[in-house]
Each structure stands twice: as structure tokens, then as C-alpha cells.
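structure.txt, holding compact mmCIF, C-alpha atoms and all ligand atoms:
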# COMPACT_ATOMS: atom_id res chain seq x y z
CA MET A 1 0.00 0.00 0.00
CA ILE A 2 1.27 3.43 -0.92
CA SER A 3 0.17 5.77 1.83
CA ASN A 4 -1.12 9.31 1.46
CA ILE A 5 1.80 11.20 2.97
CA ILE A 6 0.80 14.59 1.51
CA ASP A 7 -1.80 16.56 3.48
CA SER A 8 -5.16 16.01 1.75
CA ARG A 9 -6.00 19.74 2.08
CA VAL A 10 -2.84 20.60 0.11
CA ILE A 11 -3.86 18.10 -2.56
CA ALA A 12 -7.39 19.55 -2.73
CA ARG A 13 -6.06 23.13 -3.02
CA MET A 14 -3.62 22.10 -5.72
CA ARG A 15 -6.40 20.46 -7.68
CA THR A 16 -8.49 23.64 -7.43
CA MET A 17 -5.51 25.74 -8.59
CA ILE A 18 -4.91 23.42 -11.55
CA ASP A 19 -8.60 23.42 -12.49
CA GLY A 20 -8.66 27.22 -12.37
CA ALA A 21 -5.48 27.67 -14.42
CA LYS A 22 -5.24 27.98 -18.17
CA ASN A 23 -1.53 28.57 -18.75
CA ILE A 24 0.84 26.64 -16.53
CA ALA A 25 4.61 26.95 -16.37
CA VAL A 26 6.81 24.28 -14.80
CA THR A 27 10.36 25.07 -13.76
CA CYS A 28 13.26 23.36 -11.99
CA HIS A 29 16.73 24.13 -10.65
CA LEU A 30 19.88 25.27 -12.48
CA SER A 31 21.94 22.56 -14.21
CA PRO A 32 18.90 20.29 -14.28
CA ASP A 33 19.57 16.71 -13.24
CA GLY A 34 17.48 13.61 -13.95
CA ASP A 35 15.10 14.33 -11.09
CA ALA A 36 14.62 18.01 -11.95
CA ILE A 37 13.95 17.44 -15.64
CA GLY A 38 12.13 14.11 -15.18
CA SER A 39 9.69 15.52 -12.63
CA SER A 40 9.10 18.68 -14.71
CA LEU A 41 8.43 16.83 -17.96
CA ALA A 42 6.21 14.21 -16.30
CA LEU A 43 4.17 16.87 -14.51
CA ALA A 44 3.85 18.97 -17.68
CA HIS A 45 2.81 15.93 -19.70
CA MET A 46 0.13 14.85 -17.23
CA LEU A 47 -1.23 18.41 -16.95
CA GLN A 48 -1.39 18.56 -20.75
CA ARG A 49 -3.40 15.36 -20.68
CA LEU A 50 -5.77 17.23 -18.35
CA GLY A 51 -6.25 19.78 -21.15
CA LYS A 52 -3.94 22.51 -19.85
CA GLU A 53 -1.50 24.68 -21.80
CA VAL A 54 1.81 23.78 -20.15
CA GLN A 55 5.40 24.79 -20.83
CA VAL A 56 8.57 23.65 -19.06
CA VAL A 57 11.15 26.42 -18.55
CA THR A 58 14.64 25.56 -17.31
CA PRO A 59 17.03 28.24 -16.00
CA ASP A 60 19.87 26.87 -18.17
CA MET A 61 20.62 24.07 -20.61
CA VAL A 62 19.64 20.48 -19.91
CA PRO A 63 22.87 18.44 -20.21
CA ARG A 64 23.21 16.40 -23.37
CA SER A 65 23.41 13.26 -21.26
CA LEU A 66 19.69 13.73 -20.47
CA SER A 67 18.58 14.28 -24.04
CA PHE A 68 16.87 10.87 -24.04
CA VAL A 69 14.23 11.96 -21.49
CA PRO A 70 10.87 12.11 -23.31
CA GLY A 71 9.79 15.64 -24.17
CA VAL A 72 13.15 17.24 -23.45
CA ARG A 73 13.19 18.99 -26.83
CA THR A 74 10.07 20.98 -25.89
CA VAL A 75 11.82 22.71 -22.99
CA VAL A 76 12.32 26.49 -23.16
CA VAL A 77 15.78 27.32 -21.84
CA PHE A 78 16.02 30.74 -20.18
CA THR A 79 19.69 31.34 -21.02
CA LYS A 80 19.08 30.38 -24.66
CA THR A 81 15.74 32.00 -25.48
CA GLU A 82 15.26 34.49 -22.68
CA LEU A 83 12.43 36.47 -24.29
CA ARG A 84 10.39 33.33 -24.90
CA ALA A 85 11.06 32.09 -21.35
CA ARG A 86 10.04 35.44 -19.86
CA TYR A 87 6.88 35.43 -21.99
CA VAL A 88 5.93 31.95 -20.74
CA LEU A 89 6.54 32.82 -17.09
CA GLU A 90 4.86 36.22 -17.29
CA HIS A 91 1.75 34.80 -19.01
CA ALA A 92 1.37 31.80 -16.73
CA ASP A 93 -1.39 31.90 -14.14
CA LEU A 94 0.17 29.00 -12.24
CA ILE A 95 3.87 28.18 -11.84
CA PHE A 96 5.13 24.85 -10.51
CA CYS A 97 8.58 24.97 -8.92
CA LEU A 98 10.14 21.51 -8.87
CA ASP A 99 13.20 20.08 -7.12
CA PHE A 100 14.46 23.32 -5.55
CA ASN A 101 13.62 25.07 -2.32
CA ARG A 102 14.81 28.66 -2.81
CA LEU A 103 14.26 31.10 -5.65
CA HIS A 104 17.96 31.95 -5.89
CA ARG A 105 18.54 28.31 -6.96
CA VAL A 106 16.90 29.20 -10.28
CA ASP A 107 18.94 32.34 -10.93
CA LYS A 108 17.17 34.90 -13.18
CA VAL A 109 14.11 32.64 -13.48
CA GLY A 110 13.73 33.21 -9.73
CA GLU A 111 13.60 36.97 -10.22
CA VAL A 112 10.89 36.61 -12.87
CA ILE A 113 8.91 34.21 -10.66
CA GLY A 114 9.36 36.60 -7.73
CA GLN A 115 7.76 39.43 -9.71
CA SER A 116 5.04 37.33 -11.29
CA SER A 117 1.43 37.50 -10.13
CA ALA A 118 0.92 33.78 -10.88
CA ARG A 119 0.22 31.33 -8.08
CA ARG A 120 3.35 29.38 -7.13
CA VAL A 121 3.35 25.75 -6.11
CA LEU A 122 6.45 24.04 -4.75
CA ILE A 123 7.00 20.29 -5.04
CA ASP A 124 10.39 19.39 -3.58
CA HIS A 125 12.41 17.16 -1.28
CA HIS A 126 15.13 19.54 -0.04
CA LEU A 127 15.24 20.66 3.59
CA SER A 128 13.93 24.06 4.73
CA PRO A 129 12.01 25.62 1.82
CA GLU A 130 12.02 29.41 1.57
CA GLU A 131 9.19 30.97 3.54
CA GLY A 132 6.73 33.49 2.10
CA VAL A 133 7.42 32.69 -1.55
CA PHE A 134 5.11 29.82 -2.44
CA ASP A 135 1.31 29.77 -2.28
CA LEU A 136 1.32 26.03 -1.73
CA MET A 137 4.09 23.66 -0.73
CA VAL A 138 4.65 19.94 -0.97
CA SER A 139 7.97 19.74 0.83
CA GLU A 140 8.95 16.21 1.86
CA PRO A 141 12.65 15.89 2.70
CA ASP A 142 12.24 12.16 3.34
CA ALA A 143 11.12 11.49 -0.22
CA SER A 144 13.63 9.80 -2.51
CA SER A 145 13.10 12.36 -5.24
CA THR A 146 10.79 15.02 -6.57
CA CYS A 147 9.67 12.44 -9.13
CA GLU A 148 8.36 10.29 -6.27
CA LEU A 149 6.38 13.31 -5.04
CA VAL A 150 4.90 14.03 -8.47
CA PHE A 151 3.72 10.41 -8.54
CA ARG A 152 2.21 10.79 -5.07
CA VAL A 153 0.46 14.06 -5.98
CA PHE A 154 -1.28 12.41 -8.96
CA MET A 155 -2.03 9.27 -6.96
CA GLN A 156 -3.63 11.29 -4.17
CA MET A 157 -5.62 13.29 -6.72
CA GLY A 158 -6.92 10.01 -8.12
CA LEU A 159 -5.36 10.86 -11.49
CA LEU A 160 -2.98 7.96 -12.03
CA SER A 161 -4.88 7.17 -15.22
CA LEU A 162 -2.95 10.14 -16.71
CA LEU A 163 0.33 8.41 -15.97
CA ASP A 164 1.26 6.77 -19.27
CA ARG A 165 4.53 5.30 -20.55
CA PHE A 166 5.91 8.78 -21.37
CA ALA A 167 5.37 10.04 -17.81
CA ALA A 168 6.58 6.74 -16.32
CA GLN A 169 9.87 7.06 -18.23
CA CYS A 170 10.35 10.60 -16.92
CA LEU A 171 9.53 9.68 -13.32
CA TYR A 172 11.59 6.49 -13.34
CA THR A 173 14.60 8.45 -14.63
CA GLY A 174 14.43 10.89 -11.72
CA MET A 175 13.83 8.27 -9.05
CA MET A 176 16.72 6.21 -10.39
CA THR A 177 19.23 9.06 -10.72
CA ASP A 178 18.45 10.70 -7.36
CA THR A 179 18.94 7.39 -5.54
CA GLY A 180 22.03 6.22 -7.46
CA ASN A 181 19.96 3.47 -9.09
CA PHE A 182 18.19 2.75 -5.78
CA THR A 183 21.31 2.41 -3.67
CA TYR A 184 20.85 5.33 -1.25
CA GLY A 185 18.17 7.60 0.20
CA ASN A 186 15.39 5.15 -0.54
CA ASP A 187 14.97 3.02 2.54
CA SER A 188 11.23 2.68 2.22
CA ALA A 189 9.25 -0.17 0.72
CA GLU A 190 6.90 2.40 -0.78
CA VAL A 191 9.61 3.59 -3.19
CA TYR A 192 9.56 0.10 -4.71
CA GLU A 193 5.78 0.03 -4.75
CA ILE A 194 5.86 3.25 -6.75
CA VAL A 195 8.51 1.74 -9.03
CA ALA A 196 6.25 -1.30 -9.47
CA SER A 197 3.45 0.98 -10.55
CA LEU A 198 5.78 2.70 -13.04
CA MET A 199 6.98 -0.68 -14.33
CA ARG A 200 3.40 -1.54 -15.30
CA ARG A 201 3.71 1.32 -17.82
CA HIS A 202 6.76 -0.41 -19.41
CA PRO A 203 9.33 2.39 -19.12
CA ASP A 204 12.14 0.06 -20.31
CA ARG A 205 14.20 0.28 -17.16
CA ASN A 206 17.37 -1.26 -18.63
CA ARG A 207 17.52 1.26 -21.46
CA LEU A 208 16.93 4.17 -19.08
CA TYR A 209 19.66 2.90 -16.74
CA LYS A 210 22.12 2.58 -19.60
CA LEU A 211 21.34 6.06 -20.94
CA ALA A 212 21.04 7.91 -17.64
CA MET A 213 23.73 6.27 -15.56
CA ASN A 214 26.11 4.33 -17.69
CA THR A 215 26.83 6.28 -20.85
CA PHE A 216 30.00 8.37 -20.92
CA SER A 217 32.21 9.60 -23.74
CA ALA A 218 35.75 8.21 -24.03
CA ASP A 219 37.11 11.59 -22.88
CA SER A 220 34.88 11.50 -19.85
CA VAL A 221 35.91 7.95 -18.86
CA ARG A 222 39.57 8.97 -19.20
CA LEU A 223 39.00 12.16 -17.20
CA GLN A 224 37.35 10.21 -14.36
CA GLY A 225 40.20 7.67 -14.42
CA TYR A 226 42.72 10.50 -14.24
CA ALA A 227 40.83 12.20 -11.41
CA LEU A 228 40.74 9.00 -9.34
CA SER A 229 44.28 7.83 -10.01
CA GLN A 230 46.10 11.18 -9.91
CA LYS A 231 43.89 13.70 -8.15
CA MET A 232 42.17 11.89 -5.29
CA GLU A 233 43.70 12.77 -1.93
CA LEU A 234 42.77 10.65 1.05
CA TYR A 235 42.68 11.85 4.65
CA PRO A 236 41.87 8.55 6.41
CA ASP A 237 42.03 10.02 9.93
CA MET A 238 39.26 12.44 8.92
CA GLY A 239 37.41 9.88 6.78
CA VAL A 240 37.47 12.21 3.80
CA ALA A 241 38.61 12.22 0.18
CA LEU A 242 39.26 15.37 -1.86
CA ILE A 243 39.25 15.60 -5.66
CA VAL A 244 40.35 18.80 -7.38
CA LEU A 245 40.06 19.37 -11.12
CA THR A 246 41.42 22.62 -12.56
CA ARG A 247 40.32 24.32 -15.78
CA ASP A 248 43.54 23.18 -17.49
CA GLU A 249 42.91 19.55 -16.57
CA LEU A 250 39.28 19.72 -17.66
CA THR A 251 40.26 21.30 -20.97
CA ARG A 252 42.88 18.62 -21.54
CA TYR A 253 40.07 16.03 -21.49
CA ASN A 254 37.67 18.17 -23.58
CA TYR A 255 35.37 18.49 -20.57
CA ARG A 256 31.66 18.99 -21.23
CA ARG A 257 29.02 19.50 -18.58
CA GLY A 258 28.02 16.16 -17.05
CA ASP A 259 31.36 14.47 -17.86
CA THR A 260 32.24 14.01 -14.18
CA GLU A 261 28.71 13.01 -13.11
CA GLY A 262 28.99 10.30 -10.47
CA LEU A 263 32.73 10.89 -9.86
CA VAL A 264 32.14 12.34 -6.40
CA ASN A 265 30.49 9.07 -5.29
CA LYS A 266 33.39 6.83 -6.24
CA PRO A 267 35.68 7.42 -3.20
CA LEU A 268 32.80 6.37 -0.92
CA SER A 269 33.51 2.77 -1.94
CA ILE A 270 36.71 2.97 0.14
CA PRO A 271 35.85 1.76 3.65
CA GLU A 272 37.92 4.52 5.31
CA VAL A 273 36.05 7.24 3.45
CA ASN A 274 32.67 8.47 4.62
CA TRP A 275 32.60 11.87 2.99
CA VAL A 276 33.93 13.32 -0.24
CA VAL A 277 34.60 16.82 -1.50
CA TYR A 278 35.00 17.52 -5.22
CA PHE A 279 36.12 20.93 -6.50
CA ARG A 280 35.73 21.70 -10.20
CA GLU A 281 37.16 24.97 -11.45
CA GLU A 282 34.68 27.01 -13.49
CA CYS A 283 35.55 30.31 -15.21
CA ASP A 284 34.88 32.59 -12.26
CA TYR A 285 34.19 30.29 -9.32
CA VAL A 286 34.77 26.77 -8.03
CA LYS A 287 31.85 24.34 -8.22
CA VAL A 288 31.64 22.23 -5.09
CA SER A 289 30.06 18.78 -4.82
CA CYS A 290 29.93 16.76 -1.62
CA ARG A 291 28.71 13.28 -0.73
CA SER A 292 28.62 11.38 2.54
CA GLU A 293 27.33 8.25 4.19
CA GLY A 294 25.33 7.78 7.37
CA ASP A 295 24.54 10.80 9.51
CA PHE A 296 27.53 12.89 8.42
CA ALA A 297 25.86 16.05 7.10
CA VAL A 298 27.43 17.62 4.03
CA ASN A 299 24.60 20.08 3.42
CA THR A 300 25.56 22.09 6.52
CA ILE A 301 29.19 22.21 5.32
CA CYS A 302 28.07 23.47 1.91
CA GLU A 303 25.79 26.04 3.51
CA LYS A 304 28.47 27.31 5.88
CA TYR A 305 31.50 27.42 3.57
CA PHE A 306 30.36 27.17 -0.03
CA ASN A 307 27.19 29.28 -0.53
CA GLY A 308 25.21 26.15 -1.12
CA GLY A 309 23.13 23.44 0.48
CA GLY A 310 21.31 20.28 -0.47
CA HIS A 311 20.60 16.99 1.23
CA LEU A 312 22.25 15.37 4.26
CA ASN A 313 24.32 12.99 2.07
CA ALA A 314 24.45 14.90 -1.25
CA ALA A 315 25.06 18.61 -1.38
CA GLY A 316 26.85 21.26 -3.36
CA GLY A 317 27.64 24.89 -3.69
CA GLU A 318 29.83 27.52 -5.27
CA PHE A 319 33.07 28.96 -3.93
CA TYR A 320 33.82 32.48 -5.15
CA GLY A 321 37.60 32.54 -5.14
CA THR A 322 40.57 30.71 -6.60
CA MET A 323 41.09 26.97 -6.46
CA ASP A 324 43.96 27.49 -3.98
CA GLU A 325 41.59 29.38 -1.69
CA ALA A 326 38.97 26.65 -2.03
CA VAL A 327 41.54 24.02 -1.03
CA LYS A 328 42.64 26.21 1.90
CA THR A 329 39.02 26.42 3.01
CA PHE A 330 38.79 22.62 2.85
CA HIS A 331 41.85 22.34 5.12
CA SER A 332 40.42 24.88 7.53
CA ILE A 333 37.23 22.80 7.74
CA LEU A 334 39.35 19.76 8.70
CA GLU A 335 41.21 21.84 11.31
CA GLU A 336 37.95 23.08 12.77
CA MET A 337 36.60 19.52 12.94
CA LYS A 338 39.76 18.32 14.68
CA GLU A 339 39.49 21.12 17.24
CA ASN A 340 35.80 20.36 17.85
CA LYS A 341 36.66 16.69 18.27
CA SER A 342 39.40 17.37 20.81
CA THR A 343 37.12 19.73 22.78
CA GLU A 344 34.39 17.06 22.76
CA ASN A 345 36.88 14.42 23.96
CA LYS A 346 38.12 16.76 26.68
CA ASN A 347 34.57 17.46 27.83
CA GLU A 348 33.84 13.74 27.90
CA THR A 349 36.90 12.98 30.06
CA ASP A 350 35.94 15.90 32.34
CA ILE A 351 32.46 14.38 32.78
CA GLU A 352 33.91 10.92 33.45
CA ARG A 353 36.06 12.42 36.17
P1 LIG B 401 25.58 17.72 -7.26
O1 LIG B 401 26.74 17.42 -6.38
O2 LIG B 401 25.07 16.49 -7.94
O3 LIG B 401 25.83 18.89 -8.17
O4 LIG B 401 24.42 18.21 -6.30
C1 LIG B 401 23.91 17.39 -5.30
C2 LIG B 401 22.82 18.14 -4.57
O5 LIG B 401 23.39 19.26 -3.92
C3 LIG B 401 21.76 18.72 -5.49
O6 LIG B 401 20.70 17.82 -5.62
C4 LIG B 401 21.33 19.96 -4.74
O7 LIG B 401 20.38 19.61 -3.76
C5 LIG B 401 22.56 20.38 -4.00
N1 LIG B 401 23.32 21.45 -4.66
C6 LIG B 401 24.26 21.32 -5.63
N2 LIG B 401 24.77 22.52 -5.97
C7 LIG B 401 24.16 23.44 -5.19
C8 LIG B 401 24.27 24.87 -5.06
O8 LIG B 401 25.05 25.54 -5.74
N3 LIG B 401 23.46 25.45 -4.13
C9 LIG B 401 22.59 24.73 -3.35
N4 LIG B 401 21.83 25.39 -2.47
N5 LIG B 401 22.47 23.39 -3.45
C10 LIG B 401 23.24 22.75 -4.35
MN MN B 402 15.99 15.85 -6.54
In C-alpha cells, how does this file's structure come out?
Amino acid sequence: MISNIIDSRVIARMRTMIDGAKNIAVTCHLSPDGDAIGSSLALAHMLQRLGKEVQVVTPDMVPRSLSFVPGVRTVVVFTKTELRARYVLEHADLIFCLDFNRLHRVDKVGEVIGQSSARRVLIDHHLSPEEGVFDLMVSEPDASSTCELVFRVFMQMGLLSLLDRFAAQCLYTGMMTDTGNFTYGNDSAEVYEIVASLMRRHPDRNRLYKLAMNTFSADSVRLQGYALSQKMELYPDMGVALIVLTRDELTRYNYRRGDTEGLVNKPLSIPEVNWVVYFREECDYVKVSCRSEGDFAVNTICEKYFNGGGHLNAAGGEFYGTMDEAVKTFHSILEEMKENKSTENKNETDIER
């Protein structure tokens, strides 16, 4: 049994908002991942099947690695066709915000949404959504993915008949990618019950896995090999691994966005490592990606030091400075942790005395 975890009053209000809307825009976070784009395209598709005019707007380009997701060619990309994207957002009477919790996570799209008179509905699984921005919120940090929540919304509305193979492929993609092919963040039986329901729509799971999670260019495989063999530094006493890739190194391997997808997870297979930091040098900042296992929180680290956030075990941010400064910050985090540890130990021995 899949339970109704979303408040039924929220579901009823959402249904009323959808029924009352003519033009609906659906948007998701910057650098859309499988969950962001999968949930947006599935939601848009099902709303279209309800007879609504719906357009997906992304703040920037969907990576080429996700070009197999059904409907991806219909997306309006703000950084590519800004006038069209503004037109869609400004003429929408309802805007769905998927897989992000704060308007600044969608860059300029956030500014347009902030000024818009449309109703705003959030469907997301990140912690602590921004207050006072959304008219209605489905915020469930325990959910595996936003795709899971889109499924639940339609299930609770009694509209699963709208969920066809197209939507099932989109939702499966997001659930699979946000859980590392169902290896983390999905400890509930209900996730598999939802997957079972998607499987009845024949999404072709093996093909989606191959395309979403196991297709890399030769350059990208070589770059990841180089990063792991030459650039992974281990700090076993702190349980952490650091990977740094500079612009020069990325250029050497003809880096394209998405080429190091999944790299940050690899050091977690080492038993001594329970958190990982990956710095990738962009033109004017350093992109930060962190992963962890168990109750070690990387989102708080990204919030505190890297202008970012995310989930307990998967978070990211941006460091505005040079790579050397980013690495220095990493070392200062380790120092701070060591100091905190020794104070804790001292306090413990004081108590024992
Ligand atoms: P990734 O490491 O795959 O880029 O991101 C993992 C997760 O970290 C994302 O799902 C998102 O929740 C969060 N995240 C990544 N980059 C940022 C960022 O720049 N700002 C914030 N607030 N969260 C981020
Ligand atoms: Mn997500």
C-alpha cells in the first residue's frame, strides 16, 4: 500500500488551482539533473493530458546526457531564449517549482517568478524551503526524489490514469538518478511500490539505466580515471577524500558539462572514506560537490563554507575565489573539525572524572 503522505488539504487546493489555471509553467533548478527534468516533464505531460496549456522552462541548458528523457526537446531554456522564457513565465497563471527550495537556486528565473502575479506551487524534497514565496508547498525531505512526489500528488488526486509510458519514463529516470539506481536515500518499501506501478507502464528500465547512468564519452571515462588515479587525496584520519580538477585539466580532457557526473560518489567505496569533496574549477568560481554516508551532514558544510546546500548525504555549492583558496578552506574545515573533536573528547573525560 502506498500511503497518502501529503496533506489532503494541500492536494485539494492544488487540484483547485490546476482546475482554475489555463496557462501553466513548470520550472526546476539550475543545471537540471534527472530528477529536476524528469519531474518537470512528467508533470507537464500529465497536466497537458488534463487539457492545460503547459510549458517547461529551465534556468539553463539540460545536459546532453539527459537528451533521451521524453519531451526534453520541448523545454524552453532561459539562457538560450530568454524572451520566450520570460513570456511563458509572465503569461502563466500557475507556476510549478520543482526540485528546488529557494528562488535563488533558479537564478534569473527566480527573479521573474518573484515578480510574477501567478500562483506558485512548490514540489520538492530539499530541507527548509524558503518561507513566504510559495502559495502552496509539498515539501517532503524524506522522499527519494521530486519524481516520487509528483507520482504521489497524482495518486492522491486520483489521477494515475494520466500516468502513461511517457510520464513513467520521466519519473523512473528521476527516481533512479536521485537514488544512485536505488542504492541510497530510498529506505522505504513504498519507493519500490511506486517503481512497481511505473513498471506496469513499461518504461524500459534497462535502457533508461544505460542512458542515464552508464553512458560516458571516451574523454569522460579517461578524465574520471585521471581524477581518481592522480587527483584523489585521502585523509583517512578524517574519513574524507578530496578531488580537485582545474580548468587546465578539464580542458585537456575536452570536458563537457556532465562528464564528471557520479565521480564524487566513487571514493565512498573505500571503507575509510565516509565523505567526499569535489572541487571543479569554473571560469569565475569553483563548483563544489559533496557526498557522505550515514549521519555525516554535508549540506551544513556546503551552507556554511560554499554558498550552497542540499541533502544530508548529497550537497553542493559555489566557492567564489581561486582553487587554492577553495583548497585552503577545505583544510580549515578539517582543522575546525579536529578542534571540535578534541574539545568534545576533553569534555567527555571531564564528565567521566
Ligand atoms: P551535485 O553534487 O550532484 O551537483 O548536487 C547534489 C545536490 O546538492 C543537489 O541535488 C542539490 O540539492 C545540491 N546542490 C548542488 N549545488 C548546489 C548549489 O550551488 N546550491 C545549493 N543550495 N544546493 C546545491
Ligand atoms: Mn531531486
Once you count only C-alpha atoms and all ligand atoms, which residues end up within 9 Å of ligand LIG 401 (chain B), and could you hand them over as a ChimeraX atom specification?
-> /A:29-31,33,35-36,99-102,104-105,125-126,178,261-262,264,278,287-291,299,302-303,306-311,313-319
Selected residue of minimal separation from A:Asp284 among A:Gly321, A:Gly239, A:Pro267, A:Gly34, counting all atoms listed in the file =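 Under the stated criterion, the closest residue is A:Gly321.
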In Å, how far is it from atom CA of A:Val72 to atom CA of A:Ser39?
->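 Between atom CA of A:Val72 and atom CA of A:Ser39 the gap works out to 11.5 Å.
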Return the single residue from A:Leu89, A:Cys147, A:Leu50, A:Ile194 that is closest to ligand MN 402 (chain B), with distances computed using all atoms listed in the file.
-> A:Cys147
Calculate, to one decimal in Å, the centre and edge lengths of the box along x, y and z of the file that holds all listed atoms of stretch 172-189 of chain A with 6 Å of margin on each side, and present them as lines of an AutoDock Vina configuration file.
center_x = 15.6
center_y = 5.4
center_z = -6.0
size_x = 24.8
size_y = 23.1
size_z = 29.2
Determine, counting only C-alpha atoms, which protein, DNA and RNA residues have an atom within 9 Å of an atom of A:Ile95; residues of the same chain fewer than 2 positions away are not included. Present the result as a VMD selection string.
-> chain A and resid 23 to 27 89 92 to 93 97 113 118 to 122
Quick one: of A:Ile37, A:Val273, A:Leu268, A:Val133, who's nearest to ligand MN 402 (chain B), counting all atoms listed in the file?
-> A:Ile37
Between A:Tyr184, A:Phe279, A:Phe96, A:Phe154, which is the closest to A:Phe134 once you count only C-alpha atoms?
-> A:Phe96
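In this comparison, which uses all atoms listed in the file, the residue of A:Met1, A:Tyr285, A:Met238, A:Arg280 approaching A:Tyr192 most closely is A:Met1.
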Enumerate, as a PyMOL selection string, the protein, DNA and RNA residues whose atoms approach (20.2, 31.3, -19.7) to within 7 Å, taking into account all atoms listed in the file and the coordinate frame of the file.
-> chain A and resi 59-60+77-80+82
Neighbours of stretch 8-19 of chain A within 8 Å (all atoms listed in the file; same-chain residues fewer than 4 positions away dropped), as a PyMOL selection string?
-> chain A and resi 4+94+121+136-138+153+156-157
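Between ligand MN 402 (chain B) and the candidates A:Leu103, A:Ile301, A:Val54, A:Val150, the tightest atom-to-atom separation, counting all atoms listed in the file, involves A:Val150.
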Reconstruct stretch 319-330 of chain A at the level of N, CA, C and O atoms, and format the result as a short mmCIF file (atom, residue, chain, number, x, y, z; two decimals), in the coordinates of the input.
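Result file follows (part.cif):
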data_model
loop_
_atom_site.label_atom_id
_atom_site.label_comp_id
_atom_site.auth_asym_id
_atom_site.auth_seq_id
_atom_site.Cartn_x
_atom_site.Cartn_y
_atom_site.Cartn_z
N PHE A 319 32.07 28.21 -4.70
CA PHE A 319 33.07 28.96 -3.93
C PHE A 319 33.58 30.09 -4.81
O PHE A 319 34.10 29.85 -5.90
N TYR A 320 33.40 31.34 -4.34
CA TYR A 320 33.82 32.48 -5.15
C TYR A 320 35.24 32.88 -4.76
O TYR A 320 35.45 33.66 -3.85
N GLY A 321 36.19 32.28 -5.42
CA GLY A 321 37.60 32.54 -5.14
C GLY A 321 38.41 31.62 -6.02
O GLY A 321 37.86 30.94 -6.91
N THR A 322 39.71 31.57 -5.78
CA THR A 322 40.57 30.71 -6.60
C THR A 322 40.51 29.27 -6.09
O THR A 322 40.04 29.02 -4.97
N MET A 323 41.05 28.36 -6.89
CA MET A 323 41.09 26.97 -6.46
C MET A 323 41.95 26.82 -5.20
O MET A 323 41.61 26.08 -4.29
N ASP A 324 43.09 27.56 -5.16
CA ASP A 324 43.96 27.49 -3.98
C ASP A 324 43.18 27.88 -2.72
O ASP A 324 43.32 27.26 -1.67
N GLU A 325 42.37 28.93 -2.86
CA GLU A 325 41.59 29.38 -1.69
C GLU A 325 40.53 28.35 -1.31
O GLU A 325 40.27 28.12 -0.12
N ALA A 326 39.97 27.69 -2.33
CA ALA A 326 38.97 26.65 -2.03
C ALA A 326 39.62 25.51 -1.25
O ALA A 326 39.08 25.01 -0.26
N VAL A 327 40.83 25.12 -1.70
CA VAL A 327 41.54 24.02 -1.03
C VAL A 327 41.91 24.43 0.39
O VAL A 327 41.79 23.64 1.34
N LYS A 328 42.32 25.71 0.55
CA LYS A 328 42.64 26.21 1.90
C LYS A 328 41.41 26.12 2.80
O LYS A 328 41.49 25.74 3.96
N THR A 329 40.26 26.49 2.23
CA THR A 329 39.02 26.42 3.01
C THR A 329 38.75 24.98 3.44
O THR A 329 38.37 24.72 4.59
N PHE A 330 38.97 24.04 2.51
CA PHE A 330 38.79 22.62 2.85
C PHE A 330 39.67 22.25 4.05
O PHE A 330 39.20 21.62 5.00
#
